[in-house]
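What follows is a single structure, written as structure tokens, with notes after it.
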Amino acid sequence: MFDIIKAIILGIVEGITEFLPISSTGHLVLVDEFIKMEQSRAFVDMFNVVIQLGAIMAVVVIYFNKLNPWASQKNSLEKKQTWTLWKKVIVAVIPSMIVGLPLNDWMDSHLMNWLVVSVALIFYGILFIVIENHNAHVQPKVADLNALSYKTAIIIGLFQVLSLIPGTSRSGSTILGGIMVGTSRYVAAEFSFFLAIPTMFGASLLKLYKYFSHGGSLAGLQGIILAVGVIVSFVVAYVSIRFLLNYIKTKDFKIFGWYRIVLGIVVIGYFLIFH
């Protein structure tokens with residue numbers, strides 16, 4: 001029963017952090033240091049990845065009509081633009097697949113720890129502040145998602161590769177990449193959301209395959225624990241996405257940069273003092 005409560009807490013953390021540029025994986029790694037489930041390490045590692053499906057489904061629900069090329073209310077041009085958007089998303093996800101698949105096991109073994117997360121939080125927090133200060137008076141070249149070129153999509157996809165390091169933030173790296181190559185914050189955020197769909201579905205299916213192929217199962221309450229985590233992350237992510245889209249209409253990302261820096265410093269201080 002206590003593990004169900006912990007699943008709710010982790011689902012809330014995942015839902016808040018998946019699309020805000022503050023690293024969901026990093027936060028889950030840190031929270032796991034303090035809130036440990038009474039489950040096998042293999043199940044917990046699988047749980048922390050698969051609950052991201054709930055957050056991704058929030059994107060699908062919010063943007064269903066925009067992402068649906070068969071929507072009856074769309075004219076032929078709009079349907080063509082939707083197919084083109086999907087092609088750009090698929091092209092952009094290829095770099096992280098090429099790098100991430102062969103290195104997945106190594107990264108799980110060597111990078112999933114508080115030190116890597118803390119350093120990444122601080123580094124990219126500083127980068128967010130620097131980039132936002134630099135672009136304070138720069139007009140974006142791409143203010144419409146349909147104007148996003150394949151070249152720009154691929155560059156954003158290359159930035160997503162950086163997020164393979166926990167603490168970097170998948171949304172943070174892709175949004176930063178988009179802003180650096182001239183997209184508006186809104187376009188960068190939306191494309192980051194869409195890029196998450198194949199990325200996180202693929203990562204979740206890979207993690208499930210590895211879990212079950214190595215003898216894992218959903219024994220006892222594990223199925224309920226996983227379902228609770230997914231559902232909670234969906235609900236919270238839905239609210240989080242709505243908040244972020246409204247927030248960036250009038251504000252920049254510097255507050256998230258400062259949050260990352262402070263959190264990273266606090267975590268390093270905590271582990272140096274108490275461990």
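In the structure tokens, each chain is lettered A, B, ... as it comes, each chain's residues begin at 1, and ligands are numbered from 1 in order of appearance.
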(message) Which residues are near Thr17 in chain A? Cut-off 9 Å, only C-alpha atoms, ignore same chain within fewer than 4 positions. Put them as a count of residues only.
(response) 11
(request) Can you check which residues of range 132-210 of chain A DSSP gives as helix (DSSP H, G or I) on the backbone and send them as a ChimeraX atom specification? (result) /A:132-134,145-147,150-164,170-180,185-210
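With only C-alpha atoms as the atoms that count, the minimum distance from Val239 in chain A to the choices A:Val44, A:Val61, A:Ile255, A:Ile4 is reached by A:Val61.
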(request) Choose the residue, out of A:Met46, A:Lys251, A:Leu158, A:Tyr238, that has the smallest atom-to-atom separation from Ala136 in chain A; count only C-alpha atoms. (result)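 Between A:Met46, A:Lys251, A:Leu158, A:Tyr238, the residue approaching Ala136 in chain A most closely is A:Lys251.
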(request) May I ask which of the residues A:Ile16, A:Leu208, A:Leu164, A:Val89 is the closest one to Trp106 in chain A, counting only C-alpha atoms? (result)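 Using only C-alpha atoms, Trp106 in chain A sits closest to A:Leu164.
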(request) Please indicate the distance in Å from CA of Ile51 in chain A to CA of Ile8 in chain A, rounded to one decimal place. (result) 10.5 Å
(request) Would you mind listing what lies within 12 Å of Phe256 in chain A as a VMD selection string, with only C-alpha atoms counted and same-chain residues fewer than 4 positions away left out? (result) chain A and resid 17 19 to 23 121 to 122 124 to 129 132 169 171 to 172 176 244 247 to 248 251 to 252 260 to 263
Output N, CA, C and O atoms for every residue in that selection, as a tab-separated table (two decimals), in the first residue's frame.
chain	number	residue	atom	x	y	z
A	17	THR	N	7.49	17.49	-14.32
A	17	THR	CA	8.83	17.75	-14.87
A	17	THR	C	9.06	17.28	-16.29
A	17	THR	O	10.06	17.65	-16.90
A	19	PHE	N	7.66	18.01	-19.20
A	19	PHE	CA	7.65	19.02	-20.25
A	19	PHE	C	8.19	20.37	-19.82
A	19	PHE	O	8.50	21.21	-20.66
A	20	LEU	N	8.28	20.60	-18.53
A	20	LEU	CA	9.04	21.76	-18.07
A	20	LEU	C	10.52	21.44	-18.27
A	20	LEU	O	10.93	20.29	-18.08
A	21	PRO	N	11.34	22.41	-18.63
A	21	PRO	CA	12.75	22.11	-18.98
A	21	PRO	C	13.64	21.93	-17.76
A	21	PRO	O	14.67	22.60	-17.59
A	22	ILE	N	13.24	20.99	-16.88
A	22	ILE	CA	13.99	20.81	-15.63
A	22	ILE	C	14.38	19.36	-15.39
A	22	ILE	O	14.91	19.03	-14.34
A	23	SER	N	14.12	18.48	-16.36
A	23	SER	CA	14.55	17.08	-16.34
A	23	SER	C	13.69	16.17	-15.48
A	23	SER	O	13.82	16.13	-14.25
A	121	LEU	N	22.04	19.54	-14.23
A	121	LEU	CA	21.06	20.56	-13.85
A	121	LEU	C	21.70	21.94	-13.82
A	121	LEU	O	21.17	22.91	-14.38
A	122	ILE	N	22.86	22.04	-13.20
A	122	ILE	CA	23.54	23.33	-13.07
A	122	ILE	C	24.03	23.84	-14.43
A	122	ILE	O	23.81	25.01	-14.78
A	124	TYR	N	23.09	23.17	-17.58
A	124	TYR	CA	22.06	23.62	-18.52
A	124	TYR	C	21.21	24.74	-17.94
A	124	TYR	O	20.59	25.51	-18.68
A	125	GLY	N	21.17	24.84	-16.61
A	125	GLY	CA	20.51	26.00	-16.01
A	125	GLY	C	21.23	27.28	-16.38
A	125	GLY	O	20.61	28.29	-16.76
A	126	ILE	N	22.57	27.24	-16.29
A	126	ILE	CA	23.39	28.40	-16.68
A	126	ILE	C	23.19	28.70	-18.16
A	126	ILE	O	23.03	29.87	-18.57
A	127	LEU	N	23.14	27.63	-18.98
A	127	LEU	CA	22.99	27.81	-20.42
A	127	LEU	C	21.66	28.47	-20.76
A	127	LEU	O	21.59	29.34	-21.64
A	128	PHE	N	20.60	28.07	-20.07
A	128	PHE	CA	19.29	28.69	-20.30
A	128	PHE	C	19.35	30.19	-20.04
A	128	PHE	O	18.82	30.99	-20.82
A	129	ILE	N	19.96	30.58	-18.95
A	129	ILE	CA	20.04	32.00	-18.60
A	129	ILE	C	20.86	32.76	-19.63
A	129	ILE	O	20.48	33.86	-20.07
A	132	GLU	N	18.88	32.98	-22.99
A	132	GLU	CA	17.75	33.90	-22.90
A	132	GLU	C	18.22	35.35	-22.83
A	132	GLU	O	17.61	36.23	-23.44
A	169	SER	N	17.47	17.13	-19.34
A	169	SER	CA	16.09	17.42	-19.70
A	169	SER	C	15.89	17.31	-21.20
A	169	SER	O	16.49	18.06	-21.98
A	171	SER	N	13.06	17.93	-22.84
A	171	SER	CA	12.37	19.14	-23.31
A	171	SER	C	13.32	20.34	-23.25
A	171	SER	O	13.32	21.19	-24.14
A	172	GLY	N	14.15	20.40	-22.20
A	172	GLY	CA	15.07	21.52	-22.06
A	172	GLY	C	16.07	21.58	-23.19
A	172	GLY	O	16.32	22.65	-23.76
A	176	LEU	N	16.01	24.52	-25.97
A	176	LEU	CA	17.23	25.33	-26.13
A	176	LEU	C	17.72	25.28	-27.56
A	176	LEU	O	18.09	26.31	-28.15
A	244	LEU	N	2.65	25.65	-19.09
A	244	LEU	CA	3.84	26.08	-19.81
A	244	LEU	C	3.48	26.87	-21.06
A	244	LEU	O	4.10	27.90	-21.35
A	247	TYR	N	2.44	30.25	-19.98
A	247	TYR	CA	3.57	30.96	-19.36
A	247	TYR	C	4.49	31.57	-20.42
A	247	TYR	O	4.88	32.74	-20.32
A	248	ILE	N	4.84	30.79	-21.45
A	248	ILE	CA	5.84	31.27	-22.42
A	248	ILE	C	5.27	32.25	-23.43
A	248	ILE	O	6.01	32.80	-24.25
A	251	LYS	N	6.56	35.21	-21.04
A	251	LYS	CA	7.76	35.13	-20.22
A	251	LYS	C	8.80	34.21	-20.86
A	251	LYS	O	8.48	33.42	-21.74
A	252	ASP	N	10.05	34.34	-20.37
A	252	ASP	CA	11.12	33.50	-20.89
A	252	ASP	C	11.39	32.32	-19.95
A	252	ASP	O	10.66	32.10	-18.98
A	260	ARG	N	17.03	25.18	-11.80
A	260	ARG	CA	17.96	24.08	-12.03
A	260	ARG	C	19.27	24.30	-11.25
A	260	ARG	O	19.79	23.38	-10.63
A	261	ILE	N	19.78	25.52	-11.31
A	261	ILE	CA	21.04	25.83	-10.63
A	261	ILE	C	20.91	25.63	-9.12
A	261	ILE	O	21.74	24.98	-8.48
A	262	VAL	N	19.86	26.20	-8.55
A	262	VAL	CA	19.65	26.09	-7.10
A	262	VAL	C	19.47	24.63	-6.68
A	262	VAL	O	20.09	24.16	-5.71
A	263	LEU	N	18.66	23.89	-7.43
A	263	LEU	CA	18.42	22.49	-7.09
A	263	LEU	C	19.72	21.68	-7.18
A	263	LEU	O	20.03	20.88	-6.28
(request) One decimal, Å: what's the distance from CA of Ala143 in chain A over to CA of Ile175 in chain A, could you say? (result) 13.6 Å
